[in-house]
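As structure tokens, the structure follows; a few thoughts come after it.
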Amino acid sequence: MTEKLSRRDLLKVAGVAGVAATVPETAAAEVKHQQVVQAAAPQEVLTRPSQQSPSTEQGMLFFFNDEEARFIEAAVERLIPADQEWPGAAWAGVLNFIDRQLAAAYGAGARMYLKGPWVPDAPPQQGYQLRYTPAQLYRIGIAETRAHVTARYGRREFWDLTAPVMDEVLSGLESGAIELPSLPAPVFFETLLANTVEGYFADPVYGGNRDMVGWRMVGFPGAYAQYVDLVELYNLPYTRPPISIGEAGARQAYLEGHTHRAQK
Amino acid sequence: MAVQMKPVDVALVGGGLTAAILGKELAEAGQTVVALERGGMRQTIPDFQSPTMHDELKFDVRHAYAQDVSVQTLTFRNFVGQQALPMRQLGSFLPAEGVGGGAVHWNGQTWRFQPEWFVLKSWVEERYGRGFLDEDVSIQDWGISYEELEPYYTFFEKVMGISGAPGNINGRIQVGGNPFEGPRSESYPNPPMKQSHSGYLFGQTAGQLGYHPFPVPSANVTRHYTNPFGAEIKPCMYCGFCDPFGCEHFAKASPQVCILPFALANKNFEMRTHSYVLRVEWDRKAKVATGVTYVDAQGRETFQPANMVVLCAFAHHNPILMLQSGIGQPYDPVTRTGTIGRNYTYQTMTGAEVFYDGEHHINPFMAAGALGTAIDDFNNGSFDHSGLGFIGGGYIAAYQTTGRPIYYHPVPEGTPRWGLGWKQAVRRHYNSTVSLSFHGSSIPHPNNYVGLDPTYTDAFGQRLGMLTYDFPYNDRLMARYITEKMAGIAQAMGGKRMSVGWLDDHYSIVPYQTTHNTGGAIMGADPKTSVVNRYLQSWDLHNLWVMGSSVFPQNAGYNPTDTVGALAYWAADAMIKQYLKNPGPLVQS
């Protein structure tokens, strides 16, 4: 899974191919091998993560309490669900990603202007106008959505609903059909959706995108990147496994590459 | 009582591109110069190095290199009479903070403006007649011609090592370049970038349709290059982490790579970081600036006396500083009098996507900030506006600048916004979609301006700047006409389907569009309708100057940096060759 391809190897690939827009035989064999590895990986993970306790599944939580975590875990899995080939947001660790974001600077509203007065019913062109930090927004949004769900669905919690009914609730938040007492439901929904996408695709060092599953799904090679020799090989089926910032080998690959040597 | 600093010859407000240009030139001319930068120092080594620089979340999503709006932001409204509200998070545009400013994290798309842009009002009247435009289109001539600016464009492009294919050398049209550009006196210093897959597909189709595709001029430099000062720029590696990142490779032209080392090595120059300028101080009787007041790194209010003050802050920040300092007459949108804040303009952007549904591997991550193929057949000077009811235009390009998936995951219209359908569409289209963009001009309108907000304040207790802006009717017509042309190209590119992003709503401060904010302290020939003269010297205080895109009377259908750099060298020349010898107004009002 973490097979590394140094810059020297990349050059070798490009060198063999020259300017032709095809993959050389040697590289093609490697590509095939990688594809097999890639496809096999996610199969084992099609569990139902929302049924497991998130705090034991993927490490401790810094911000959410257990009930909030169950809500988020269930909600993000509806936003990016697992399918036959690729795990969803729950397996990818999006709960942990959002939890850590909210426990840190982002959650505290760093780099936001939060002075009053506040005009919560401003037109959308003027952007976010609530008094809440993201952390406050989640805490209130979860509590009030849960209250809506238990009142509407026979005292059941959001995470006990069937998938279609969970989707109905999320759509209600998205459209504003569900009215929450303290904040516009679409603001909570859009924040949750944006953070879920971030958690599925951000570098795994932030706690989500576990095993770089989001990157593998689309074919994004991650942090180690320089394509000067490949950019004109149109239609190249580029399948080098992705590399995270956090992989010890990634930094080393860089140091061994030409970059620093050229600078010295 | 403010802390008093030792007087200097020149105080520069800001530590970005124009401050680097002026700092180096004026220090070499024997002036003592201090640049007051609100952010911190940063350098290619160690600050921009990989792999930690390759972090989409930190730099792109959380805006690590952009202005901290918790300290100072703007308020915004669409129209006069609406209550302006604070921009509580960054969105539509991303002013920078830190040494080097936006020229650290920019993409590097480095375009000259067509000659017509500099004389727009005269040109329109001469070509289409006086009655062609609505009186609410407040376009103006710049007070400078393309021909006068041309040597400064050429010099700035040499400083930055710009890589491109010339289209017009001394009036001779060149194969493979932009035939609609103004005549350049020499070729680009470096050859153009390689062509991306997106650019190739776009260029092939555009050429077949009779348009004139060419590689976008780029500050992602294409070979080892030494600029006129002796700075070495390295070749671009096409890493796909250009904007909003610092370049680890010394390959994207920036103040740090191209200019600042020579300013910092000069004992006449000081870069004073963590210094937040509050206002320009000036003598009401003598009508001269006396220096600037700023909050220093320790949090003390500090006065820096100076013989000359140059505003080198971000576009709208320069007129806001003038308003906060009580310099000049603030623009009033009701009476349409006054100049400070007038003619705020932006950029009119639309897009289209061609979905090949798996038929191509586009490899969008093999990217660079200015890696693109463009046509300029629909810029202002390229086509006939007769009967169309608008002026302006812009270029259409297929850029391959990013495959970073938090933000780059194109899906066709009608795709659900989340859930299984969305996920599978993202997977299907990520690597087989080409994005086109239209980069359109912005025509000034009397309702669009920069003022001071009556309600909200910054961390220093000063009133926030207030932006009033919506897309003028002229620009909506213009965008529709050219977006239709872009859709025609997209349609012909052979995808399974395409989608078009029309400009069909009010301007919003929320989604990122571009950081090409312009105007507010515009240049011109008449002090009644401009803030600075043709040398970027204030009409009100002869020792106050304004740099940057603040001075554009209207924004062209191009990225602004080349013109910003050229104007800074033009102004530096005027300061050194004319002003310092005999300080006073260079143009009589």
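Letters A, B, ... mark the chains of the structure tokens in the order given; residue numbers begin at 1 per chain; ligand numbers begin at 1, in order shown.
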
List as a list of chain:residue names the protein and nucleic acid residues near segment 38-44 of chain B, meaning an atom at most 7 Å away when only C-alpha atoms are counted, but skip any in the same chain fewer than 3 places from it. B:Gly14, B:Asp47, B:Phe48, B:Gln49, B:Glu97, B:Gly98, B:Val99, B:Cys247, B:Glu248, B:Phe250, B:Gln256, B:Thr273, B:His274, B:Ser275, B:Tyr276

Once you count only C-alpha atoms, which residues of chain B turn out to be within 8 Å of chain A? Could you give them as number ranges by chain? B: 50-52, 54-57, 68-73, 76-78, 85-89, 194-197, 236-240, 249, 360-363, 365-367, 403-406, 418-420, 422-423, 426-428, 430-431, 456, 506-510

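If you count only C-alpha atoms and ignore residues fewer than 6 places along the chain from Val546 of chain B, what sits within 7 Å of it is Val310, Leu311, Cys312, Leu536 and Gln537 of chain B.
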
Within 9 Å of segment 316-329 of chain B, counting only C-alpha atoms, which residues qualify if same-chain residues fewer than 4 places away don't, as a VMD selection string? chain B and resid 13 277 to 282 311 to 312 337 to 342 344 450 to 452 462 to 467 517 to 521 531 538 to 541 546 to 550

May I have the selected residues written with C-alpha atoms, as a PDB file, in the first residue's frame?
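Now in out.pdb:
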```pdb
ATOM      1  CA  VAL B  13       2.973  50.806   3.641  1.00  0.00           C
ATOM      2  CA  VAL B 277      -0.284  50.831   9.607  1.00  0.00           C
ATOM      3  CA  LEU B 278      -3.306  52.745  10.868  1.00  0.00           C
ATOM      4  CA  ARG B 279      -3.068  55.992   8.930  1.00  0.00           C
ATOM      5  CA  VAL B 280      -0.943  58.476   7.042  1.00  0.00           C
ATOM      6  CA  GLU B 281      -0.163  61.630   9.009  1.00  0.00           C
ATOM      7  CA  TRP B 282      -0.122  64.875   7.037  1.00  0.00           C
ATOM      8  CA  LEU B 311       0.841  53.117  -0.166  1.00  0.00           C
ATOM      9  CA  CYS B 312       1.750  49.578  -1.249  1.00  0.00           C
ATOM     10  CA  THR B 337     -18.629  63.718  -6.281  1.00  0.00           C
ATOM     11  CA  GLY B 338     -15.307  63.098  -4.592  1.00  0.00           C
ATOM     12  CA  THR B 339     -12.626  60.674  -5.677  1.00  0.00           C
ATOM     13  CA  ILE B 340     -11.327  58.510  -2.826  1.00  0.00           C
ATOM     14  CA  GLY B 341     -12.958  55.095  -3.186  1.00  0.00           C
ATOM     15  CA  ARG B 342     -14.437  55.823  -6.614  1.00  0.00           C
ATOM     16  CA  TYR B 344     -13.973  50.153  -7.430  1.00  0.00           C
ATOM     17  CA  VAL B 450     -15.032  51.799  -1.341  1.00  0.00           C
ATOM     18  CA  GLY B 451     -16.024  53.784   1.747  1.00  0.00           C
ATOM     19  CA  LEU B 452     -15.848  53.563   5.526  1.00  0.00           C
ATOM     20  CA  GLN B 462     -10.782  52.024  13.549  1.00  0.00           C
ATOM     21  CA  ARG B 463     -13.798  51.929  11.250  1.00  0.00           C
ATOM     22  CA  LEU B 464     -13.750  49.076   8.771  1.00  0.00           C
ATOM     23  CA  GLY B 465     -13.613  49.735   5.078  1.00  0.00           C
ATOM     24  CA  MET B 466     -16.939  49.227   3.321  1.00  0.00           C
ATOM     25  CA  LEU B 467     -17.336  47.710  -0.107  1.00  0.00           C
ATOM     26  CA  ASN B 517      -9.822  43.678  -6.738  1.00  0.00           C
ATOM     27  CA  THR B 518      -9.070  46.953  -8.459  1.00  0.00           C
ATOM     28  CA  GLY B 519      -9.740  50.687  -8.319  1.00  0.00           C
ATOM     29  CA  GLY B 520     -10.652  52.982  -5.451  1.00  0.00           C
ATOM     30  CA  ALA B 521      -7.594  55.224  -5.761  1.00  0.00           C
ATOM     31  CA  VAL B 531      -6.840  60.221  -6.939  1.00  0.00           C
ATOM     32  CA  SER B 538      -1.443  61.933  -5.097  1.00  0.00           C
ATOM     33  CA  TRP B 539      -3.140  65.068  -6.407  1.00  0.00           C
ATOM     34  CA  ASP B 540      -3.639  66.187  -2.807  1.00  0.00           C
ATOM     35  CA  LEU B 541      -0.243  65.558  -1.188  1.00  0.00           C
ATOM     36  CA  VAL B 546      -0.277  54.922  -4.441  1.00  0.00           C
ATOM     37  CA  MET B 547       0.772  51.621  -6.009  1.00  0.00           C
ATOM     38  CA  GLY B 548      -1.037  48.490  -7.048  1.00  0.00           C
ATOM     39  CA  SER B 549      -4.283  47.736  -8.792  1.00  0.00           C
ATOM     40  CA  SER B 550      -5.967  50.423  -6.647  1.00  0.00           C
TER      41      SER B 550
END
```

Determine, counting only C-alpha atoms, which protein, DNA and RNA residues have an atom within 7 Å of an atom of segment 476-486 of chain B; residues of the same chain fewer than 4 positions away are not included. Present the result as a PDB file with C-alpha atoms, in the first residue's frame.
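Result written to part.pdb:
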```pdb
ATOM      1  CA  THR B 348     -16.215  39.098 -14.221  1.00  0.00           C
ATOM      2  CA  THR B 350     -17.640  32.468 -15.638  1.00  0.00           C
ATOM      3  CA  PHE B 378     -12.894  38.125 -27.211  1.00  0.00           C
ATOM      4  CA  PHE B 390     -21.689  46.635 -23.970  1.00  0.00           C
ATOM      5  CA  ILE B 391     -17.956  47.155 -23.924  1.00  0.00           C
ATOM      6  CA  GLY B 392     -15.181  45.079 -22.461  1.00  0.00           C
ATOM      7  CA  GLY B 393     -14.279  41.451 -22.854  1.00  0.00           C
ATOM      8  CA  ILE B 396     -11.030  32.233 -22.344  1.00  0.00           C
ATOM      9  CA  PHE B 438     -13.697  33.163 -18.880  1.00  0.00           C
ATOM     10  CA  GLY B 440     -13.704  39.065 -18.031  1.00  0.00           C
ATOM     11  CA  PHE B 471     -22.019  43.311 -11.347  1.00  0.00           C
ATOM     12  CA  PRO B 472     -22.996  46.202 -13.629  1.00  0.00           C
ATOM     13  CA  ALA B 490     -16.873  23.460 -24.880  1.00  0.00           C
ATOM     14  CA  LEU B 503     -23.264  34.915 -14.402  1.00  0.00           C
TER      15      LEU B 503
END
```

Find, counting only C-alpha atoms, the residue in B:Ile21, B:Met523, B:Met5, B:Ala315 that gets nearest to Phe93 of chain B.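 Distance minimum relative to Phe93 of chain B lands on B:Ala315.
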
Just how far from atom CA of Pro364 of chain B is atom CA of Asn178 of chain B, in Å to one decimal? 24.6 Å

DSSP-assigned strand (DSSP E) among segment 89-183 of chain B, expressed as a ChimeraX atom specification: /B:168-169,172-173

Could you check which of A:Pro87, A:Gln101, A:Pro184, A:Leu61 is closest to Asp121 of chain A, using only C-alpha atoms? A:Pro184

Which residues come within 10 Å of Ala147 of chain A, counting only C-alpha atoms, excluding same-chain residues fewer than 4 positions away, as an MDAnalysis selection string? chainID A and resid 141:143 151:152 155:158 180

Can I get the selection written as a tab-separated table (two decimals), in the first residue's frame, with N, CA and C atoms?
```tsv
chain	number	residue	atom	x	y	z
A	141	GLY	N	-26.17	22.96	16.77
A	141	GLY	CA	-26.81	22.31	15.62
A	141	GLY	C	-27.13	20.86	15.89
A	142	ILE	N	-26.20	20.15	16.53
A	142	ILE	CA	-26.45	18.74	16.84
A	142	ILE	C	-27.57	18.61	17.86
A	143	ALA	N	-27.50	19.37	18.93
A	143	ALA	CA	-28.50	19.26	19.99
A	143	ALA	C	-29.90	19.55	19.45
A	151	ALA	N	-38.49	14.31	18.62
A	151	ALA	CA	-39.89	14.77	18.66
A	151	ALA	C	-40.66	14.24	17.44
A	152	ARG	N	-39.99	14.17	16.32
A	152	ARG	CA	-40.68	13.86	15.07
A	152	ARG	C	-40.78	12.36	14.81
A	155	ARG	N	-39.37	9.42	19.41
A	155	ARG	CA	-38.33	9.43	20.44
A	155	ARG	C	-37.07	8.67	20.03
A	156	ARG	N	-36.94	8.37	18.76
A	156	ARG	CA	-35.71	7.72	18.32
A	156	ARG	C	-34.63	8.78	18.07
A	157	GLU	N	-33.38	8.35	18.21
A	157	GLU	CA	-32.24	9.23	17.91
A	157	GLU	C	-31.96	9.19	16.41
A	158	PHE	N	-31.28	10.19	15.93
A	158	PHE	CA	-30.94	10.26	14.50
A	158	PHE	C	-30.24	8.99	14.03
A	180	LEU	N	-34.64	25.07	13.11
A	180	LEU	CA	-34.01	24.91	14.42
A	180	LEU	C	-34.20	26.20	15.21
```

Quick one: pick out all helix (DSSP H, G or I) residues within segment 109-209 of chain A from a backbone DSSP run and write them as an mmCIF file with N, CA and C atoms, in the first residue's frame.
```cif
data_model
loop_
_atom_site.group_PDB
_atom_site.id
_atom_site.type_symbol
_atom_site.label_atom_id
_atom_site.label_comp_id
_atom_site.auth_asym_id
_atom_site.auth_seq_id
_atom_site.Cartn_x
_atom_site.Cartn_y
_atom_site.Cartn_z
ATOM 1 N N PRO A 124 -27.950 35.982 1.449
ATOM 2 C CA PRO A 124 -26.824 35.046 1.329
ATOM 3 C C PRO A 124 -25.569 35.674 0.752
ATOM 4 N N GLN A 125 -25.727 36.731 -0.065
ATOM 5 C CA GLN A 125 -24.554 37.369 -0.678
ATOM 6 C C GLN A 125 -23.607 37.939 0.378
ATOM 7 N N GLN A 126 -24.129 38.221 1.570
ATOM 8 C CA GLN A 126 -23.290 38.821 2.610
ATOM 9 C C GLN A 126 -22.636 37.776 3.512
ATOM 10 N N PRO A 134 -17.393 27.940 14.825
ATOM 11 C CA PRO A 134 -17.788 26.619 14.316
ATOM 12 C C PRO A 134 -18.065 25.610 15.435
ATOM 13 N N ALA A 135 -17.276 25.629 16.495
ATOM 14 C CA ALA A 135 -17.506 24.683 17.591
ATOM 15 C C ALA A 135 -18.884 24.901 18.210
ATOM 16 N N GLN A 136 -19.238 26.165 18.444
ATOM 17 C CA GLN A 136 -20.556 26.462 19.009
ATOM 18 C C GLN A 136 -21.660 26.054 18.043
ATOM 19 N N LEU A 137 -21.417 26.316 16.752
ATOM 20 C CA LEU A 137 -22.408 25.997 15.732
ATOM 21 C C LEU A 137 -22.728 24.499 15.738
ATOM 22 N N TYR A 138 -21.696 23.663 15.824
ATOM 23 C CA TYR A 138 -21.910 22.213 15.864
ATOM 24 C C TYR A 138 -22.673 21.795 17.121
ATOM 25 N N ARG A 139 -22.237 22.325 18.257
ATOM 26 C CA ARG A 139 -22.845 21.893 19.524
ATOM 27 C C ARG A 139 -24.340 22.195 19.512
ATOM 28 N N ILE A 140 -24.664 23.391 19.075
ATOM 29 C CA ILE A 140 -26.073 23.784 19.043
ATOM 30 C C ILE A 140 -26.804 23.031 17.933
ATOM 31 N N GLY A 141 -26.167 22.957 16.772
ATOM 32 C CA GLY A 141 -26.813 22.315 15.621
ATOM 33 C C GLY A 141 -27.131 20.856 15.895
ATOM 34 N N ILE A 142 -26.205 20.154 16.533
ATOM 35 C CA ILE A 142 -26.448 18.738 16.835
ATOM 36 C C ILE A 142 -27.574 18.613 17.857
ATOM 37 N N ALA A 143 -27.499 19.372 18.931
ATOM 38 C CA ALA A 143 -28.501 19.261 19.992
ATOM 39 C C ALA A 143 -29.898 19.552 19.447
ATOM 40 N N GLU A 144 -29.990 20.592 18.627
ATOM 41 C CA GLU A 144 -31.323 20.985 18.156
ATOM 42 C C GLU A 144 -31.829 20.042 17.067
ATOM 43 N N THR A 145 -30.934 19.471 16.271
ATOM 44 C CA THR A 145 -31.373 18.484 15.291
ATOM 45 C C THR A 145 -31.828 17.209 15.996
ATOM 46 N N ARG A 146 -31.086 16.825 17.019
ATOM 47 C CA ARG A 146 -31.501 15.631 17.781
ATOM 48 C C ARG A 146 -32.869 15.859 18.421
ATOM 49 N N ALA A 147 -33.079 17.029 18.943
ATOM 50 C CA ALA A 147 -34.373 17.325 19.564
ATOM 51 C C ALA A 147 -35.492 17.251 18.526
ATOM 52 N N HIS A 148 -35.212 17.775 17.336
ATOM 53 C CA HIS A 148 -36.198 17.695 16.256
ATOM 54 C C HIS A 148 -36.506 16.229 15.933
ATOM 55 N N VAL A 149 -35.452 15.410 15.834
ATOM 56 C CA VAL A 149 -35.626 14.009 15.435
ATOM 57 C C VAL A 149 -36.411 13.241 16.503
ATOM 58 N N THR A 150 -36.050 13.410 17.749
ATOM 59 C CA THR A 150 -36.753 12.632 18.785
ATOM 60 C C THR A 150 -38.223 13.052 18.873
ATOM 61 N N ALA A 151 -38.490 14.307 18.621
ATOM 62 C CA ALA A 151 -39.887 14.767 18.657
ATOM 63 C C ALA A 151 -40.661 14.244 17.442
ATOM 64 N N ARG A 152 -39.991 14.174 16.322
ATOM 65 C CA ARG A 152 -40.683 13.864 15.067
ATOM 66 C C ARG A 152 -40.777 12.357 14.814
ATOM 67 N N PHE A 158 -31.279 10.185 15.933
ATOM 68 C CA PHE A 158 -30.936 10.260 14.502
ATOM 69 C C PHE A 158 -30.240 8.988 14.031
ATOM 70 N N TRP A 159 -29.281 8.511 14.824
ATOM 71 C CA TRP A 159 -28.481 7.357 14.390
ATOM 72 C C TRP A 159 -29.256 6.044 14.433
ATOM 73 N N ASP A 160 -30.470 6.047 14.998
ATOM 74 C CA ASP A 160 -31.285 4.840 14.991
ATOM 75 C C ASP A 160 -32.247 4.803 13.804
ATOM 76 N N ALA A 163 -31.542 4.525 6.791
ATOM 77 C CA ALA A 163 -30.805 5.438 5.916
ATOM 78 C C ALA A 163 -31.733 6.412 5.175
ATOM 79 N N PRO A 164 -32.834 5.946 4.570
ATOM 80 C CA PRO A 164 -33.695 6.912 3.858
ATOM 81 C C PRO A 164 -34.258 7.986 4.784
ATOM 82 N N VAL A 165 -34.528 7.630 6.029
ATOM 83 C CA VAL A 165 -35.095 8.626 6.942
ATOM 84 C C VAL A 165 -33.991 9.594 7.400
ATOM 85 N N MET A 166 -32.797 9.069 7.602
ATOM 86 C CA MET A 166 -31.670 9.982 7.905
ATOM 87 C C MET A 166 -31.496 10.984 6.758
ATOM 88 N N ASP A 167 -31.598 10.480 5.536
ATOM 89 C CA ASP A 167 -31.463 11.373 4.377
ATOM 90 C C ASP A 167 -32.573 12.427 4.352
ATOM 91 N N GLU A 168 -33.749 12.007 4.772
ATOM 92 C CA GLU A 168 -34.878 12.944 4.832
ATOM 93 C C GLU A 168 -34.578 14.076 5.823
ATOM 94 N N VAL A 169 -33.996 13.705 6.957
ATOM 95 C CA VAL A 169 -33.645 14.717 7.961
ATOM 96 C C VAL A 169 -32.559 15.649 7.407
ATOM 97 N N LEU A 170 -31.533 15.060 6.797
ATOM 98 C CA LEU A 170 -30.438 15.892 6.266
ATOM 99 C C LEU A 170 -30.950 16.825 5.172
ATOM 100 N N SER A 171 -31.840 16.313 4.323
ATOM 101 C CA SER A 171 -32.417 17.171 3.278
ATOM 102 C C SER A 171 -33.231 18.302 3.885
ATOM 103 N N GLY A 172 -33.892 17.992 4.982
ATOM 104 C CA GLY A 172 -34.680 19.016 5.664
ATOM 105 C C GLY A 172 -33.803 20.117 6.239
ATOM 106 N N LEU A 173 -32.641 19.728 6.732
ATOM 107 C CA LEU A 173 -31.687 20.734 7.221
ATOM 108 C C LEU A 173 -31.155 21.554 6.042
ATOM 109 N N GLU A 174 -30.839 20.865 4.964
ATOM 110 C CA GLU A 174 -30.263 21.511 3.794
ATOM 111 C C GLU A 174 -31.211 22.561 3.210
ATOM 112 N N SER A 175 -32.486 22.201 3.110
ATOM 113 C CA SER A 175 -33.446 23.104 2.460
ATOM 114 C C SER A 175 -33.998 24.145 3.416
ATOM 115 N N ALA A 185 -31.002 26.153 9.922
ATOM 116 C CA ALA A 185 -30.548 24.782 9.689
ATOM 117 C C ALA A 185 -29.606 24.667 8.492
ATOM 118 N N PRO A 186 -29.857 25.394 7.377
ATOM 119 C CA PRO A 186 -28.933 25.248 6.239
ATOM 120 C C PRO A 186 -27.494 25.664 6.562
ATOM 121 N N VAL A 187 -27.306 26.605 7.476
ATOM 122 C CA VAL A 187 -25.941 27.008 7.829
ATOM 123 C C VAL A 187 -25.224 25.844 8.520
ATOM 124 N N PHE A 188 -25.929 25.185 9.421
ATOM 125 C CA PHE A 188 -25.358 24.006 10.086
ATOM 126 C C PHE A 188 -25.079 22.917 9.053
ATOM 127 N N PHE A 189 -26.058 22.675 8.178
ATOM 128 C CA PHE A 189 -25.877 21.607 7.188
ATOM 129 C C PHE A 189 -24.687 21.886 6.269
ATOM 130 N N GLU A 190 -24.609 23.109 5.760
ATOM 131 C CA GLU A 190 -23.535 23.427 4.804
ATOM 132 C C GLU A 190 -22.161 23.335 5.466
ATOM 133 N N THR A 191 -22.077 23.704 6.732
ATOM 134 C CA THR A 191 -20.811 23.591 7.451
ATOM 135 C C THR A 191 -20.428 22.121 7.603
ATOM 136 N N LEU A 192 -21.407 21.318 7.976
ATOM 137 C CA LEU A 192 -21.163 19.880 8.137
ATOM 138 C C LEU A 192 -20.745 19.248 6.805
ATOM 139 N N LEU A 193 -21.435 19.632 5.729
ATOM 140 C CA LEU A 193 -21.114 19.057 4.413
ATOM 141 C C LEU A 193 -19.695 19.459 3.982
ATOM 142 N N ALA A 194 -19.381 20.741 4.146
ATOM 143 C CA ALA A 194 -18.045 21.206 3.730
ATOM 144 C C ALA A 194 -16.962 20.504 4.540
ATOM 145 N N ASN A 195 -17.170 20.388 5.854
ATOM 146 C CA ASN A 195 -16.163 19.732 6.701
ATOM 147 C C ASN A 195 -16.055 18.234 6.395
ATOM 148 N N THR A 196 -17.165 17.641 5.975
ATOM 149 C CA THR A 196 -17.139 16.209 5.626
ATOM 150 C C THR A 196 -16.300 15.981 4.372
ATOM 151 N N VAL A 197 -16.496 16.835 3.386
ATOM 152 C CA VAL A 197 -15.693 16.726 2.158
ATOM 153 C C VAL A 197 -14.219 16.969 2.492
ATOM 154 N N GLU A 198 -13.958 17.967 3.333
ATOM 155 C CA GLU A 198 -12.576 18.223 3.764
ATOM 156 C C GLU A 198 -11.986 16.978 4.418
ATOM 157 N N GLY A 199 -12.761 16.364 5.310
ATOM 158 C CA GLY A 199 -12.260 15.214 6.057
ATOM 159 C C GLY A 199 -12.043 13.994 5.184
ATOM 160 N N TYR A 200 -12.772 13.902 4.099
ATOM 161 C CA TYR A 200 -12.626 12.764 3.191
ATOM 162 C C TYR A 200 -11.420 12.950 2.276
ATOM 163 N N PHE A 201 -11.049 14.213 2.009
ATOM 164 C CA PHE A 201 -10.000 14.466 1.022
ATOM 165 C C PHE A 201 -8.747 15.161 1.579
ATOM 166 N N PRO A 204 -4.244 12.750 5.366
ATOM 167 C CA PRO A 204 -4.598 11.933 6.537
ATOM 168 C C PRO A 204 -3.993 12.421 7.853
ATOM 169 N N VAL A 205 -2.970 13.262 7.802
ATOM 170 C CA VAL A 205 -2.399 13.754 9.058
ATOM 171 C C VAL A 205 -3.431 14.485 9.907
ATOM 172 N N TYR A 206 -4.530 14.926 9.283
ATOM 173 C CA TYR A 206 -5.565 15.628 10.046
ATOM 174 C C TYR A 206 -6.601 14.685 10.648
#
```

Counting only C-alpha atoms, which residue out of B:Tyr579, B:Trp502, B:Tyr146, B:Phe118 sits closest to Gly351 of chain B? B:Trp502

Determine the nearest neighbour of Gly100 of chain B from the options B:Val80, B:Val8, B:Ala253, B:Ala2, counting only C-alpha atoms.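 Closest to Gly100 of chain B of all the choices is B:Ala253.
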
Selection: 8 Å around Ser441 of chain B, only C-alpha atoms, excl. self and same-chain fewer than 4 positions, as a list in words: Tyr346, Gln347, Thr348, Gly392, Gly393, Gly394, Asp475, Asn555, Ala556, Gly557 and Tyr558 of chain B
